[in-house]
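Accompanying notes for the structure given below.
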Amino acid sequence: GVFMLMWYGVLYSVLERLSKHGIRPSSLDANYDELYDALRRLRNSVFHAESEYWDKRQIALMALNNSSVRIRNVHNGLGQFFEEILSSQ
């Protein structure tokens with residue numbers, strides 16, 4: 001559980017930085033806004049210590065339809081995005 005929560009929290013941080021620069025890779029989830037917001041809430045619960053191990057914000061993300069598949073697709077899409085950028089330089 002801990003590694004998954006860290007991965008999801010760091011993934012949100014990368015998405016947040018891209019968003020601040022106006023970058024939204026085209027390969028991201030069709031319901032990206034829903035996933036982005038859920039990842040934001042999860043990141044907050046992970047990186048700001050809470051009294052309970054499984055916070056309701058973490059459960060909310062996992063309750064989204066196919067959340068683990070969607071997150072893996074976003075992760076892979078970001079990998080392709082960065083590979084394309086690096087190979088073009």
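Identifiers for the structure tokens are assigned positionally: chains receive A, B, ... in sequence, residues are indexed from 1 per chain, and ligands are indexed from 1 in the order shown.
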
Please provide as a PDB file with N, CA and C atoms, in the first residue's frame all residues within 12 Å of range 63-74 of chain A, with the sequence filter that same-chain residues fewer than 3 positions apart are discarded (counting only C-alpha atoms).
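Now in result_14.pdb:
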```pdb
ATOM      1  N   MET A   4       2.338   2.195  -3.443  1.00  0.00           N
ATOM      2  CA  MET A   4       1.298   2.634  -4.359  1.00  0.00           C
ATOM      3  C   MET A   4       0.891   4.067  -4.028  1.00  0.00           C
ATOM      4  N   LEU A   5       0.701   4.368  -2.747  1.00  0.00           N
ATOM      5  CA  LEU A   5       0.302   5.716  -2.352  1.00  0.00           C
ATOM      6  C   LEU A   5       1.378   6.743  -2.706  1.00  0.00           C
ATOM      7  N   TRP A   7       3.604   6.414  -5.147  1.00  0.00           N
ATOM      8  CA  TRP A   7       3.598   6.517  -6.610  1.00  0.00           C
ATOM      9  C   TRP A   7       2.480   7.453  -7.061  1.00  0.00           C
ATOM     10  N   TYR A   8       1.284   7.244  -6.541  1.00  0.00           N
ATOM     11  CA  TYR A   8       0.154   8.075  -6.937  1.00  0.00           C
ATOM     12  C   TYR A   8       0.382   9.531  -6.540  1.00  0.00           C
ATOM     13  N   GLY A   9       0.934   9.762  -5.356  1.00  0.00           N
ATOM     14  CA  GLY A   9       1.196  11.126  -4.903  1.00  0.00           C
ATOM     15  C   GLY A   9       2.221  11.837  -5.763  1.00  0.00           C
ATOM     16  N   VAL A  10       3.289  11.131  -6.109  1.00  0.00           N
ATOM     17  CA  VAL A  10       4.326  11.725  -6.962  1.00  0.00           C
ATOM     18  C   VAL A  10       3.802  11.921  -8.386  1.00  0.00           C
ATOM     19  N   LEU A  11       2.994  10.987  -8.861  1.00  0.00           N
ATOM     20  CA  LEU A  11       2.394  11.125 -10.186  1.00  0.00           C
ATOM     21  C   LEU A  11       1.579  12.412 -10.253  1.00  0.00           C
ATOM     22  N   TYR A  12       0.794  12.680  -9.209  1.00  0.00           N
ATOM     23  CA  TYR A  12       0.030  13.929  -9.202  1.00  0.00           C
ATOM     24  C   TYR A  12       0.970  15.135  -9.272  1.00  0.00           C
ATOM     25  N   VAL A  14       3.823  15.459 -10.695  1.00  0.00           N
ATOM     26  CA  VAL A  14       4.293  15.629 -12.077  1.00  0.00           C
ATOM     27  C   VAL A  14       3.176  16.234 -12.925  1.00  0.00           C
ATOM     28  N   LEU A  15       1.958  15.718 -12.785  1.00  0.00           N
ATOM     29  CA  LEU A  15       0.825  16.246 -13.552  1.00  0.00           C
ATOM     30  C   LEU A  15       0.563  17.710 -13.202  1.00  0.00           C
ATOM     31  N   ARG A  24      -0.636  19.433 -21.421  1.00  0.00           N
ATOM     32  CA  ARG A  24      -1.550  18.325 -21.140  1.00  0.00           C
ATOM     33  C   ARG A  24      -1.344  17.288 -22.237  1.00  0.00           C
ATOM     34  N   PRO A  25      -0.535  16.275 -21.966  1.00  0.00           N
ATOM     35  CA  PRO A  25      -0.268  15.255 -22.994  1.00  0.00           C
ATOM     36  C   PRO A  25      -1.567  14.666 -23.537  1.00  0.00           C
ATOM     37  N   SER A  26      -1.622  14.479 -24.830  1.00  0.00           N
ATOM     38  CA  SER A  26      -2.849  14.018 -25.490  1.00  0.00           C
ATOM     39  C   SER A  26      -3.222  12.589 -25.134  1.00  0.00           C
ATOM     40  N   SER A  27      -2.284  11.825 -24.606  1.00  0.00           N
ATOM     41  CA  SER A  27      -2.552  10.416 -24.324  1.00  0.00           C
ATOM     42  C   SER A  27      -3.207  10.187 -22.962  1.00  0.00           C
ATOM     43  N   LEU A  28      -3.601  11.249 -22.276  1.00  0.00           N
ATOM     44  CA  LEU A  28      -4.152  11.086 -20.939  1.00  0.00           C
ATOM     45  C   LEU A  28      -5.597  10.623 -20.963  1.00  0.00           C
ATOM     46  N   ASP A  29      -6.049  10.163 -19.825  1.00  0.00           N
ATOM     47  CA  ASP A  29      -7.383   9.597 -19.622  1.00  0.00           C
ATOM     48  C   ASP A  29      -8.482  10.543 -20.119  1.00  0.00           C
ATOM     49  N   ALA A  30      -9.530   9.975 -20.716  1.00  0.00           N
ATOM     50  CA  ALA A  30     -10.646  10.779 -21.218  1.00  0.00           C
ATOM     51  C   ALA A  30     -11.332  11.544 -20.083  1.00  0.00           C
ATOM     52  N   ASN A  31     -11.392  10.948 -18.899  1.00  0.00           N
ATOM     53  CA  ASN A  31     -11.964  11.606 -17.723  1.00  0.00           C
ATOM     54  C   ASN A  31     -10.843  12.143 -16.833  1.00  0.00           C
ATOM     55  N   TYR A  32      -9.894  12.792 -17.452  1.00  0.00           N
ATOM     56  CA  TYR A  32      -8.686  13.249 -16.784  1.00  0.00           C
ATOM     57  C   TYR A  32      -8.987  14.163 -15.592  1.00  0.00           C
ATOM     58  N   GLU A  34     -11.485  14.326 -13.522  1.00  0.00           N
ATOM     59  CA  GLU A  34     -11.934  13.550 -12.360  1.00  0.00           C
ATOM     60  C   GLU A  34     -10.745  12.851 -11.697  1.00  0.00           C
ATOM     61  N   LEU A  35      -9.914  12.238 -12.500  1.00  0.00           N
ATOM     62  CA  LEU A  35      -8.751  11.519 -11.993  1.00  0.00           C
ATOM     63  C   LEU A  35      -7.740  12.494 -11.386  1.00  0.00           C
ATOM     64  N   TYR A  36      -7.501  13.614 -12.036  1.00  0.00           N
ATOM     65  CA  TYR A  36      -6.560  14.632 -11.561  1.00  0.00           C
ATOM     66  C   TYR A  36      -6.964  15.120 -10.171  1.00  0.00           C
ATOM     67  N   ASP A  37      -8.236  15.421  -9.997  1.00  0.00           N
ATOM     68  CA  ASP A  37      -8.718  15.926  -8.712  1.00  0.00           C
ATOM     69  C   ASP A  37      -8.612  14.854  -7.622  1.00  0.00           C
ATOM     70  N   ALA A  38      -8.938  13.622  -7.963  1.00  0.00           N
ATOM     71  CA  ALA A  38      -8.827  12.528  -6.989  1.00  0.00           C
ATOM     72  C   ALA A  38      -7.363  12.282  -6.611  1.00  0.00           C
ATOM     73  N   LEU A  39      -6.459  12.377  -7.580  1.00  0.00           N
ATOM     74  CA  LEU A  39      -5.029  12.234  -7.284  1.00  0.00           C
ATOM     75  C   LEU A  39      -4.535  13.382  -6.406  1.00  0.00           C
ATOM     76  N   LYS A  56     -10.025   8.644   3.841  1.00  0.00           N
ATOM     77  CA  LYS A  56     -11.174   8.575   2.924  1.00  0.00           C
ATOM     78  C   LYS A  56     -10.837   9.089   1.531  1.00  0.00           C
ATOM     79  N   ARG A  57      -9.865   9.996   1.417  1.00  0.00           N
ATOM     80  CA  ARG A  57      -9.466  10.514   0.097  1.00  0.00           C
ATOM     81  C   ARG A  57      -8.738   9.451  -0.702  1.00  0.00           C
ATOM     82  N   GLN A  58      -8.018   8.580  -0.026  1.00  0.00           N
ATOM     83  CA  GLN A  58      -7.344   7.469  -0.701  1.00  0.00           C
ATOM     84  C   GLN A  58      -8.377   6.456  -1.193  1.00  0.00           C
ATOM     85  N   ILE A  59      -9.332   6.161  -0.345  1.00  0.00           N
ATOM     86  CA  ILE A  59     -10.398   5.217  -0.706  1.00  0.00           C
ATOM     87  C   ILE A  59     -11.218   5.761  -1.869  1.00  0.00           C
ATOM     88  N   ALA A  60     -11.478   7.076  -1.875  1.00  0.00           N
ATOM     89  CA  ALA A  60     -12.268   7.690  -2.952  1.00  0.00           C
ATOM     90  C   ALA A  60     -11.603   7.498  -4.306  1.00  0.00           C
ATOM     91  N   GLY A  77       1.381   6.989 -20.429  1.00  0.00           N
ATOM     92  CA  GLY A  77       1.257   8.109 -21.354  1.00  0.00           C
ATOM     93  C   GLY A  77       2.286   9.192 -21.073  1.00  0.00           C
ATOM     94  N   LEU A  78       2.540   9.454 -19.789  1.00  0.00           N
ATOM     95  CA  LEU A  78       3.573  10.431 -19.437  1.00  0.00           C
ATOM     96  C   LEU A  78       4.952   9.936 -19.853  1.00  0.00           C
ATOM     97  N   GLY A  79       5.190   8.635 -19.696  1.00  0.00           N
ATOM     98  CA  GLY A  79       6.463   8.061 -20.127  1.00  0.00           C
ATOM     99  C   GLY A  79       6.688   8.279 -21.614  1.00  0.00           C
ATOM    100  N   GLN A  80       5.648   8.017 -22.419  1.00  0.00           N
ATOM    101  CA  GLN A  80       5.751   8.229 -23.865  1.00  0.00           C
ATOM    102  C   GLN A  80       5.963   9.707 -24.183  1.00  0.00           C
ATOM    103  N   PHE A  81       5.250  10.565 -23.473  1.00  0.00           N
ATOM    104  CA  PHE A  81       5.370  12.007 -23.675  1.00  0.00           C
ATOM    105  C   PHE A  81       6.812  12.465 -23.452  1.00  0.00           C
TER     106      PHE A  81
END
```

I need the alpha helix (DSSP H) residues of range 21-82 of chain A per DSSP on the backbone, written as a PDB file with C-alpha atoms, in the first residue's frame.
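Result file is states-v6.pdb:
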```pdb
ATOM      1  CA  TYR A  32      -8.686  13.249 -16.784  1.00  0.00           C
ATOM      2  CA  ASP A  33     -10.208  16.039 -14.662  1.00  0.00           C
ATOM      3  CA  GLU A  34     -11.934  13.550 -12.360  1.00  0.00           C
ATOM      4  CA  LEU A  35      -8.751  11.519 -11.993  1.00  0.00           C
ATOM      5  CA  TYR A  36      -6.560  14.632 -11.561  1.00  0.00           C
ATOM      6  CA  ASP A  37      -8.718  15.926  -8.712  1.00  0.00           C
ATOM      7  CA  ALA A  38      -8.827  12.528  -6.989  1.00  0.00           C
ATOM      8  CA  LEU A  39      -5.029  12.234  -7.284  1.00  0.00           C
ATOM      9  CA  ARG A  40      -4.674  15.732  -5.801  1.00  0.00           C
ATOM     10  CA  ARG A  41      -6.752  14.779  -2.785  1.00  0.00           C
ATOM     11  CA  LEU A  42      -4.842  11.508  -2.393  1.00  0.00           C
ATOM     12  CA  ARG A  43      -1.498  13.337  -2.599  1.00  0.00           C
ATOM     13  CA  ASN A  44      -2.644  15.681   0.157  1.00  0.00           C
ATOM     14  CA  SER A  45      -3.588  12.755   2.369  1.00  0.00           C
ATOM     15  CA  VAL A  46      -0.268  10.990   1.751  1.00  0.00           C
ATOM     16  CA  PHE A  47       2.140  13.912   2.133  1.00  0.00           C
ATOM     17  CA  LYS A  56     -11.174   8.575   2.924  1.00  0.00           C
ATOM     18  CA  ARG A  57      -9.466  10.514   0.097  1.00  0.00           C
ATOM     19  CA  GLN A  58      -7.344   7.469  -0.701  1.00  0.00           C
ATOM     20  CA  ILE A  59     -10.398   5.217  -0.706  1.00  0.00           C
ATOM     21  CA  ALA A  60     -12.268   7.690  -2.952  1.00  0.00           C
ATOM     22  CA  LEU A  61      -9.574   7.435  -5.631  1.00  0.00           C
ATOM     23  CA  MET A  62      -9.564   3.652  -5.509  1.00  0.00           C
ATOM     24  CA  ALA A  63     -13.369   3.627  -5.760  1.00  0.00           C
ATOM     25  CA  SER A  67      -8.817   3.625 -11.243  1.00  0.00           C
ATOM     26  CA  SER A  68      -5.710   1.420 -11.204  1.00  0.00           C
ATOM     27  CA  VAL A  69      -5.899   0.831 -14.969  1.00  0.00           C
ATOM     28  CA  ARG A  70      -6.555   4.514 -15.630  1.00  0.00           C
ATOM     29  CA  ILE A  71      -3.635   5.589 -13.446  1.00  0.00           C
ATOM     30  CA  ARG A  72      -1.312   3.082 -15.113  1.00  0.00           C
ATOM     31  CA  ASN A  73      -2.398   4.448 -18.505  1.00  0.00           C
ATOM     32  CA  VAL A  74      -1.657   8.015 -17.389  1.00  0.00           C
ATOM     33  CA  HIS A  75       1.728   6.881 -16.062  1.00  0.00           C
ATOM     34  CA  ASN A  76       2.546   5.135 -19.360  1.00  0.00           C
ATOM     35  CA  GLY A  77       1.257   8.109 -21.354  1.00  0.00           C
ATOM     36  CA  LEU A  78       3.573  10.431 -19.437  1.00  0.00           C
ATOM     37  CA  GLY A  79       6.463   8.061 -20.127  1.00  0.00           C
ATOM     38  CA  GLN A  80       5.751   8.229 -23.865  1.00  0.00           C
ATOM     39  CA  PHE A  81       5.370  12.007 -23.675  1.00  0.00           C
ATOM     40  CA  PHE A  82       8.779  12.451 -22.041  1.00  0.00           C
TER      41      PHE A  82
END
```

Open item on the list: Could you tell me how far CA of Arg17 in chain A sits from CA of Ser51 in chain A, in Å to one decimal place?
Closed with: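 Between CA of Ser51 in chain A and CA of Arg17 in chain A the gap works out to 28.2 Å.
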
- Task: Rank nothing, just name the residue among A:Glu84, A:Lys20, A:Gln89, A:Trp54 nearest to Val2 in chain A, using only C-alpha atoms.
- Result: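 Looking at the shortest contact to Val2 in chain A, the residue is A:Trp54.
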